[in-house]
>>> print(open('coords_31.cif').read())   # mmCIF, C-alpha atoms
data_upload
#
loop_
_atom_site.label_atom_id
_atom_site.label_comp_id
_atom_site.auth_asym_id
_atom_site.auth_seq_id
_atom_site.Cartn_x
_atom_site.Cartn_y
_atom_site.Cartn_z
CA MET A 29 134.31 -2.98 80.57
CA SER A 30 137.46 -5.09 80.90
CA SER A 31 136.56 -5.97 84.51
CA PHE A 32 133.82 -8.29 83.20
CA PRO A 33 135.04 -11.64 81.79
CA LYS A 34 133.61 -12.37 78.36
CA GLN A 35 131.77 -15.59 77.57
CA VAL A 36 129.83 -14.71 74.40
CA SER A 37 130.57 -11.59 72.34
CA LEU A 38 127.85 -9.72 70.44
CA HIS A 39 128.71 -7.14 67.76
CA GLY A 40 132.43 -7.32 68.44
CA GLN A 41 133.39 -5.62 71.72
CA ARG A 42 130.28 -3.46 72.03
CA ALA A 43 128.14 -5.99 73.88
CA TYR A 44 128.75 -9.38 75.44
CA ILE A 45 127.43 -11.92 77.93
CA THR A 46 129.38 -12.81 81.07
CA PRO A 47 129.72 -16.35 82.53
CA ASP A 48 126.96 -15.34 84.97
CA ASN A 49 124.60 -14.62 82.03
CA GLU A 50 124.78 -10.85 82.55
CA LEU A 51 124.54 -8.61 79.51
CA VAL A 52 127.18 -5.87 79.40
CA ALA A 53 126.94 -3.03 76.87
CA GLN A 54 128.75 0.26 76.29
CA LYS A 55 125.96 2.38 77.70
CA SER A 56 124.88 0.30 80.69
CA HIS A 57 125.02 -2.96 82.57
CA VAL A 58 121.58 -4.54 82.69
CA SER A 59 120.41 -7.57 84.64
CA GLY A 60 117.19 -9.55 84.47
CA GLY A 61 114.93 -10.81 81.72
CA GLU A 62 111.96 -13.01 81.15
CA ARG A 63 110.83 -15.08 84.10
CA SER A 64 112.08 -18.66 84.24
CA ILE A 65 112.18 -21.55 86.70
CA GLY A 66 109.74 -19.87 89.06
CA ARG A 67 111.56 -16.53 89.14
CA GLN A 68 109.77 -13.32 88.25
CA GLY A 69 111.64 -11.43 85.57
CA GLY A 70 112.14 -7.75 84.99
CA ASN A 71 115.08 -5.57 84.07
CA VAL A 72 117.17 -3.53 86.48
CA VAL A 73 119.47 -0.81 85.13
CA ILE A 74 122.38 -0.34 87.50
CA PRO A 75 123.51 3.24 88.39
CA GLY A 76 126.95 4.40 87.32
CA ALA A 77 126.88 3.99 83.54
CA PRO A 78 128.20 7.03 81.60
CA GLY A 79 125.41 7.04 79.01
CA VAL A 80 122.48 6.26 81.32
CA VAL A 81 121.14 8.00 84.41
CA ALA A 82 119.72 5.42 86.81
CA HIS A 83 118.40 5.14 90.32
CA PHE A 84 117.94 1.96 92.35
CA HIS A 85 116.82 1.26 95.92
CA ASP A 86 116.69 -2.13 97.63
CA PHE A 87 115.49 -0.73 100.99
CA LEU A 88 118.18 -2.27 103.15
CA GLY A 89 119.00 -0.74 106.52
CA ASP A 90 116.55 0.75 109.01
CA LEU A 91 115.62 4.19 107.61
CA ILE A 92 113.83 5.48 104.53
CA PRO A 93 116.64 6.79 102.28
CA ASP A 94 117.08 10.57 102.32
CA GLU A 95 116.96 10.80 98.53
CA LEU A 96 113.46 9.34 98.50
CA GLN A 97 110.52 11.51 99.42
CA TYR A 98 107.79 9.79 101.41
CA PHE A 99 104.45 11.59 101.41
CA GLU A 100 101.09 10.96 102.97
CA GLY A 101 97.76 12.63 102.40
CA ASP A 102 96.48 11.74 105.86
CA THR A 103 98.22 11.21 109.20
CA GLY A 104 96.54 7.83 109.58
CA HIS A 105 98.86 6.34 106.96
CA SER A 106 102.35 5.09 107.79
CA ALA A 107 105.46 3.84 106.06
CA ALA A 108 108.71 2.28 107.25
CA ILE A 109 111.49 -0.09 106.30
CA ALA A 110 110.22 -3.53 107.31
CA VAL A 111 112.40 -6.16 108.98
CA ALA A 112 112.13 -8.74 106.23
CA THR A 113 114.13 -10.79 103.77
CA ASN A 114 115.48 -8.65 100.89
CA GLY A 115 114.64 -5.40 102.66
CA LEU A 116 111.15 -3.99 102.13
CA PHE A 117 109.51 -0.57 102.14
CA ARG A 118 106.07 -1.09 103.70
CA MET A 119 103.26 1.43 103.05
CA THR A 120 100.28 0.87 105.37
CA THR A 121 96.97 2.57 104.68
CA SER A 122 94.89 4.16 107.40
CA THR A 123 91.92 2.38 108.92
CA THR A 124 90.19 5.71 109.62
CA ALA A 125 91.31 8.21 106.97
CA ALA A 126 88.83 9.83 104.63
CA LYS A 127 88.75 7.57 101.62
CA THR A 128 89.50 9.98 98.82
CA PRO A 129 92.17 9.97 96.10
CA ALA A 130 93.82 12.90 97.90
CA ALA A 131 94.36 10.82 101.05
CA VAL A 132 97.13 8.77 99.51
CA LEU A 133 100.51 7.59 100.65
CA GLY A 134 103.51 6.84 98.54
CA VAL A 135 107.16 7.36 97.75
CA ASN A 136 108.92 9.09 94.89
CA GLU A 137 112.49 9.85 94.01
CA GLY A 138 113.25 13.03 95.89
CA ILE A 139 111.46 16.32 95.37
CA LYS A 140 112.51 17.00 91.78
CA ALA A 141 110.92 16.01 88.49
CA ASN A 142 114.13 14.78 86.83
CA TRP A 143 112.68 12.63 84.07
CA LYS A 144 111.19 13.30 80.62
CA ALA A 145 109.98 10.96 77.90
CA ASN A 146 112.11 12.75 75.31
CA GLN A 147 115.30 11.60 77.08
CA GLY A 148 114.85 8.27 75.34
CA ALA A 149 114.69 4.82 76.96
CA LEU A 150 112.78 6.19 79.95
CA ARG A 151 111.71 3.35 82.22
CA MET A 152 110.64 2.48 85.73
CA SER A 153 110.25 -0.88 87.43
CA ALA A 154 109.28 -2.01 90.90
CA ARG A 155 108.80 -5.36 92.65
CA LEU A 156 105.92 -5.27 95.10
CA LYS A 157 103.03 -7.16 96.66
CA MET A 158 99.79 -6.31 98.48
CA SER A 159 98.58 -7.77 101.76
CA ALA A 160 94.88 -8.04 100.89
CA LYS A 161 92.30 -7.59 98.15
CA ASN A 162 88.98 -6.33 99.51
CA GLY A 163 87.80 -4.29 96.55
CA GLY A 164 89.01 -0.92 97.80
CA GLN A 165 92.71 -0.99 96.98
CA ASN A 166 94.29 1.37 94.47
CA ILE A 167 98.02 1.17 93.69
CA PHE A 168 99.90 3.14 91.02
CA VAL A 169 103.45 2.44 89.81
CA GLY A 170 104.89 4.77 87.18
CA PHE A 171 105.54 8.39 86.22
CA THR A 172 103.37 11.43 86.92
CA ASP A 173 103.63 15.21 86.64
CA THR A 174 101.90 15.76 90.01
CA GLY A 175 104.58 14.39 92.33
CA GLY A 176 102.64 15.20 95.50
CA THR A 177 99.83 13.71 97.53
CA GLU A 178 97.54 13.10 94.59
CA MET A 179 96.73 9.71 93.09
CA PRO A 180 97.58 10.04 89.35
CA PHE A 181 94.83 7.55 88.46
CA HIS A 182 92.21 5.80 90.56
CA ASP A 183 89.40 3.33 90.24
CA THR A 184 86.56 3.69 92.72
CA GLY A 185 84.25 1.13 91.14
CA ALA A 186 82.98 3.26 88.26
CA ALA A 187 82.87 2.21 84.63
CA THR A 188 86.03 4.14 83.75
CA ILE A 189 89.37 4.90 85.36
CA VAL A 190 89.65 8.46 86.69
CA SER A 191 92.83 10.40 85.83
CA THR A 192 93.83 13.32 88.06
CA ALA A 193 97.26 14.02 86.57
CA SER A 194 97.64 15.92 83.29
CA ASN A 195 100.49 13.65 82.16
CA ALA A 196 101.16 10.25 83.68
CA VAL A 197 101.90 6.69 82.62
CA GLY A 198 102.29 3.43 84.51
CA TRP A 199 100.53 0.48 86.11
CA LEU A 200 97.31 0.79 88.14
CA TYR A 201 95.66 -1.80 90.31
CA GLY A 202 92.07 -1.25 91.39
CA GLY A 203 90.01 -3.72 93.34
CA ALA A 204 86.75 -3.00 91.51
CA GLY A 205 85.21 -1.32 88.51
CA ALA A 206 87.12 -0.54 85.32
CA THR A 207 90.37 -2.26 86.28
CA ALA A 208 88.44 -5.45 87.23
CA ASN A 209 90.92 -6.69 89.82
CA VAL A 210 93.89 -6.76 87.41
CA TRP A 211 97.03 -4.72 86.87
CA THR A 212 96.24 -2.22 84.09
CA GLY A 213 98.67 -0.21 81.98
CA ILE A 214 97.40 3.35 81.71
CA GLY A 215 98.42 6.74 80.33
CA VAL A 216 97.14 10.32 80.10
CA LYS A 217 98.62 12.94 77.77
CA ALA A 218 97.71 16.61 78.20
CA ASN A 219 94.53 15.56 80.05
CA THR A 220 93.53 13.09 77.33
CA ASP A 221 93.18 9.51 78.61
CA LYS A 222 94.64 6.65 76.60
CA THR A 223 93.14 3.22 75.93
CA PRO A 224 94.42 0.97 78.75
CA VAL A 225 96.42 -2.26 78.55
CA THR A 226 95.22 -5.30 80.50
CA GLY A 227 97.71 -7.21 82.64
CA ASP A 228 97.37 -10.19 84.98
CA VAL A 229 95.48 -10.63 88.24
CA PRO A 230 97.77 -10.18 91.27
CA VAL A 231 97.90 -12.76 94.06
CA VAL A 232 97.80 -11.62 97.70
CA ASN A 233 101.28 -11.64 99.28
CA LYS A 234 102.96 -12.69 96.02
CA PHE A 235 105.39 -10.32 94.35
CA ASP A 236 104.79 -8.81 90.92
CA VAL A 237 107.51 -7.05 88.93
CA LEU A 238 105.92 -4.12 87.09
CA GLU A 239 107.79 -2.16 84.44
CA VAL A 240 106.91 0.61 82.00
CA ARG A 241 109.31 1.71 79.25
CA ILE A 242 108.87 4.73 76.99
CA GLY A 243 110.68 5.17 73.72
CA ASP A 244 112.31 1.89 72.79
CA THR A 245 111.31 1.88 69.12
CA GLY A 246 114.46 3.46 67.67
CA SER A 247 118.13 2.61 68.08
CA ASP A 248 118.52 5.67 70.30
CA GLY A 249 115.43 4.82 72.35
CA SER A 250 113.59 7.91 71.12
CA GLY A 251 110.32 6.30 70.06
CA ASP A 252 107.14 7.70 71.58
CA VAL A 253 105.59 4.41 72.76
CA ALA A 254 105.04 3.06 76.28
CA TYR A 255 105.56 -0.69 76.73
CA PHE A 256 104.10 -2.45 79.75
CA TYR A 257 105.79 -5.51 81.26
CA GLN A 258 104.50 -7.68 84.10
CA ASN A 259 106.99 -10.19 85.51
CA GLY A 260 109.15 -9.73 82.44
CA ILE A 261 106.36 -10.43 79.95
CA LEU A 262 105.15 -7.73 77.53
CA LYS A 263 101.41 -7.12 78.06
CA GLY A 264 100.83 -4.34 75.54
CA SER A 265 101.72 -0.80 74.55
CA ILE A 266 100.31 2.73 74.34
CA THR A 267 101.36 5.12 71.58
CA SER A 268 102.16 8.70 72.59
CA PRO A 269 101.39 8.08 76.29
CA VAL A 270 102.49 11.47 77.72
CA THR A 271 103.72 14.86 76.56
CA THR A 272 107.39 14.10 75.88
CA THR A 273 108.68 17.46 77.18
CA THR A 274 106.81 17.33 80.50
CA ALA A 275 108.95 16.77 83.60
CA LEU A 276 107.86 13.67 85.50
CA TYR A 277 108.28 12.08 88.93
CA PRO A 278 108.65 8.31 89.36
CA VAL A 279 106.18 7.31 92.06
CA ILE A 280 104.54 4.42 93.87
CA ALA A 281 101.26 5.56 95.42
CA ALA A 282 98.27 3.90 97.10
CA PHE A 283 94.89 4.73 98.54
CA SER A 284 91.80 2.82 99.64
CA LYS A 285 88.18 3.74 99.19
CA ASP A 286 87.04 1.23 101.83
CA THR A 287 87.54 0.90 105.58
CA GLY A 288 90.22 -1.36 106.96
CA GLY A 289 93.98 -1.04 106.74
CA TRP A 290 96.20 -2.99 104.36
CA PHE A 291 99.75 -2.56 103.16
CA VAL A 292 101.97 -2.61 100.08
CA ASP A 293 105.47 -4.10 100.35
CA VAL A 294 108.00 -2.66 97.87
CA ASP A 295 111.07 -4.85 97.41
CA TYR A 296 112.92 -2.58 94.99
CA PHE A 297 112.40 0.64 93.05
CA ASN A 298 114.37 1.37 89.85
CA CYS A 299 114.15 4.03 87.15
CA SER A 300 116.48 5.09 84.36
CA ALA A 301 116.81 6.94 81.04
CA ASN A 302 119.41 8.11 78.56
CA ARG A 303 121.56 10.93 79.88
CA ASP A 304 120.90 14.44 78.57
CA THR A 305 123.37 15.30 75.83
CA GLY A 306 123.38 18.97 76.81
CA ALA A 307 122.59 20.02 73.27
#
>>> encode(input="coords_31.cif", output="structure tokens")
Amino acid sequence: MSSFPKQVSLHGQRAYITPDNELVAQKSHVSGGERSIGRQGGNVVIPGAPGVVAHFHDFLGDLIPDELQYFEGDTGHSAAIAVATNGLFRMTTSTTAAKTPAAVLGVNEGIKANWKANQGALRMSARLKMSAKNGGQNIFVGFTDTGGTEMPFHDTGAATIVSTASNAVGWLYGGAGATANVWTGIGVKANTDKTPVTGDVPVVNKFDVLEVRIGDTGSDGSGDVAYFYQNGILKGSITSPVTTTTALYPVIAAFSKDTGGWFVDVDYFNCSANRDTGA
């Protein structure tokens, strides 16, 4: 911690703010916060802290990173690193694929379910935008126990959101029906759906930072509550969102129930939790 110059000290030497307004703590180094001066906020937990396991991708370079698993439910979909400012992972939906929740495309962190809500301070965030809104888009950002080519939740214009995972929690966008063209915080625990949280309406080709945190109620982060943030602003919470002992995959997935291709640009992808104590 001595490599960071101190500007303001909090609680002695355990936490402090640097001259660049970065918060440094014993367990992790965290950047971000509420949006200000036109910037969209959201926290990023940097890998390398001894008390926190974290994963971050900024999609720089020309290839999809090996440690990420890209999957597609139909060969008409495609994904690639886009030549763009910041580095982007672009997921493009098929113009001809069968429009079912099984014909999805997405990316998750490798092939292992390395995350559980009972770790404490489990969270995932992503900065992304969509190229169009024609009523058929479905995008999910969060954790799921499926991990494969199945949309954890989807909205096909019906009165309620359909959950296909047994345990999942995160943000869902649907162009019609129950989600009413807004980002919606959603959860399902042991096949029981939770009351959703309403977020804001996305704007075409404008980035949103979406974040879900589980278990921030206690000092050790062990509370069983999911908090939903959009652009750094808390939109609501869901109590007991998933089975805490179920292994989960962090995932960004999309499918369309209508004809016509569109794409999702992912600027960054970050997830983290307390490290397992081994006990």
>>> closest_residue(input="coords_31.cif", among="A:Asp86, A:Asp293, A:Asp173, A:Asp228", to="A:Tyr277", atoms="all atoms listed in the file")
A:Asp173
>>> resolve_selection(input="coords_31.cif", expression="the PyMOL selection byres ((chain A and resi 264) around 12)", output="list of chain:residue names")
A:Gly198, A:Trp199, A:Trp211, A:Thr212, A:Gly213, A:Ile214, A:Thr223, A:Pro224, A:Val225, A:Thr226, A:Gly227, A:Asp228, A:Glu239, A:Val240, A:Arg241, A:Val253, A:Ala254, A:Tyr255, A:Phe256, A:Tyr257, A:Gln258, A:Ile261, A:Leu262, A:Lys263, A:Ser265, A:Ile266, A:Thr267
>>> atom_distance(input="coords_31.cif", atom1="atom CA of A:Leu238", atom2="atom CA of A:Ala208")
17.5 Å
>>> residues_around(input="coords_31.cif", residues="A:Arg151", least_positions_apart="5", cutoff="10 Å", atoms="all atoms listed in the file", output="PDB file with C-alpha atoms, in the coordinates of the input")
ATOM      1  CA  ASN A  71     115.080  -5.570  84.070  1.00  0.00           C
ATOM      2  CA  VAL A  72     117.170  -3.530  86.480  1.00  0.00           C
ATOM      3  CA  VAL A  73     119.470  -0.810  85.130  1.00  0.00           C
ATOM      4  CA  ALA A  82     119.720   5.420  86.810  1.00  0.00           C
ATOM      5  CA  TRP A 143     112.680  12.630  84.070  1.00  0.00           C
ATOM      6  CA  ALA A 145     109.980  10.960  77.900  1.00  0.00           C
ATOM      7  CA  GLY A 170     104.890   4.770  87.180  1.00  0.00           C
ATOM      8  CA  PHE A 171     105.540   8.390  86.220  1.00  0.00           C
ATOM      9  CA  GLY A 198     102.290   3.430  84.510  1.00  0.00           C
ATOM     10  CA  GLU A 239     107.790  -2.160  84.440  1.00  0.00           C
ATOM     11  CA  VAL A 240     106.910   0.610  82.000  1.00  0.00           C
ATOM     12  CA  ARG A 241     109.310   1.710  79.250  1.00  0.00           C
ATOM     13  CA  ILE A 242     108.870   4.730  76.990  1.00  0.00           C
ATOM     14  CA  GLY A 243     110.680   5.170  73.720  1.00  0.00           C
ATOM     15  CA  ASP A 244     112.310   1.890  72.790  1.00  0.00           C
ATOM     16  CA  ALA A 254     105.040   3.060  76.280  1.00  0.00           C
ATOM     17  CA  TYR A 255     105.560  -0.690  76.730  1.00  0.00           C
ATOM     18  CA  PHE A 256     104.100  -2.450  79.750  1.00  0.00           C
ATOM     19  CA  PRO A 278     108.650   8.310  89.360  1.00  0.00           C
ATOM     20  CA  ASN A 298     114.370   1.370  89.850  1.00  0.00           C
ATOM     21  CA  CYS A 299     114.150   4.030  87.150  1.00  0.00           C
ATOM     22  CA  SER A 300     116.480   5.090  84.360  1.00  0.00           C
ATOM     23  CA  ALA A 301     116.810   6.940  81.040  1.00  0.00           C
ATOM     24  CA  ASN A 302     119.410   8.110  78.560  1.00  0.00           C
TER      25      ASN A 302
END
>>> closest_residue(input="coords_31.cif", among="A:Asp295, A:Asp221, A:Asp183, A:Asp252", to="A:Asn114", atoms="all atoms listed in the file")
A:Asp295
>>> atom_distance(input="coords_31.cif", atom1="atom CA of A:Ala43", atom2="atom CA of A:Phe297")
25.7 Å
>>> atom_distance(input="coords_31.cif", atom1="atom CA of A:Gly89", atom2="atom CA of A:Gly115")
7.5 Å
>>> closest_residue(input="coords_31.cif", among="A:Val135, A:Val80, A:Asn219, A:Gln165", to="A:Ala107", atoms="all atoms listed in the file")
A:Val135
>>> closest_residue(input="coords_31.cif", among="A:Asn142, A:Phe291, A:Val169, A:Thr192", to="A:Thr274", atoms="all atoms listed in the file")
A:Asn142
>>> closest_residue(input="coords_31.cif", among="A:Ile167, A:Leu91, A:Thr123, A:Arg303", to="A:Pro75", atoms="all atoms listed in the file")
A:Arg303
>>> residues_around(input="coords_31.cif", residues="A:Asn146", least_positions_apart="2", cutoff="7 Å", atoms="only C-alpha atoms", output="NGL selection string")
:A and (144 or 148 or 250 or 272-273)
>>> write_last_selection(input="coords_31.cif", atoms="C-alpha atoms", output="PDB file, in the frame of the given file")
ATOM      1  CA  LYS A 144     111.190  13.300  80.620  1.00  0.00           C
ATOM      2  CA  GLY A 148     114.850   8.270  75.340  1.00  0.00           C
ATOM      3  CA  SER A 250     113.590   7.910  71.120  1.00  0.00           C
ATOM      4  CA  THR A 272     107.390  14.100  75.880  1.00  0.00           C
ATOM      5  CA  THR A 273     108.680  17.460  77.180  1.00  0.00           C
TER       6      THR A 273
END
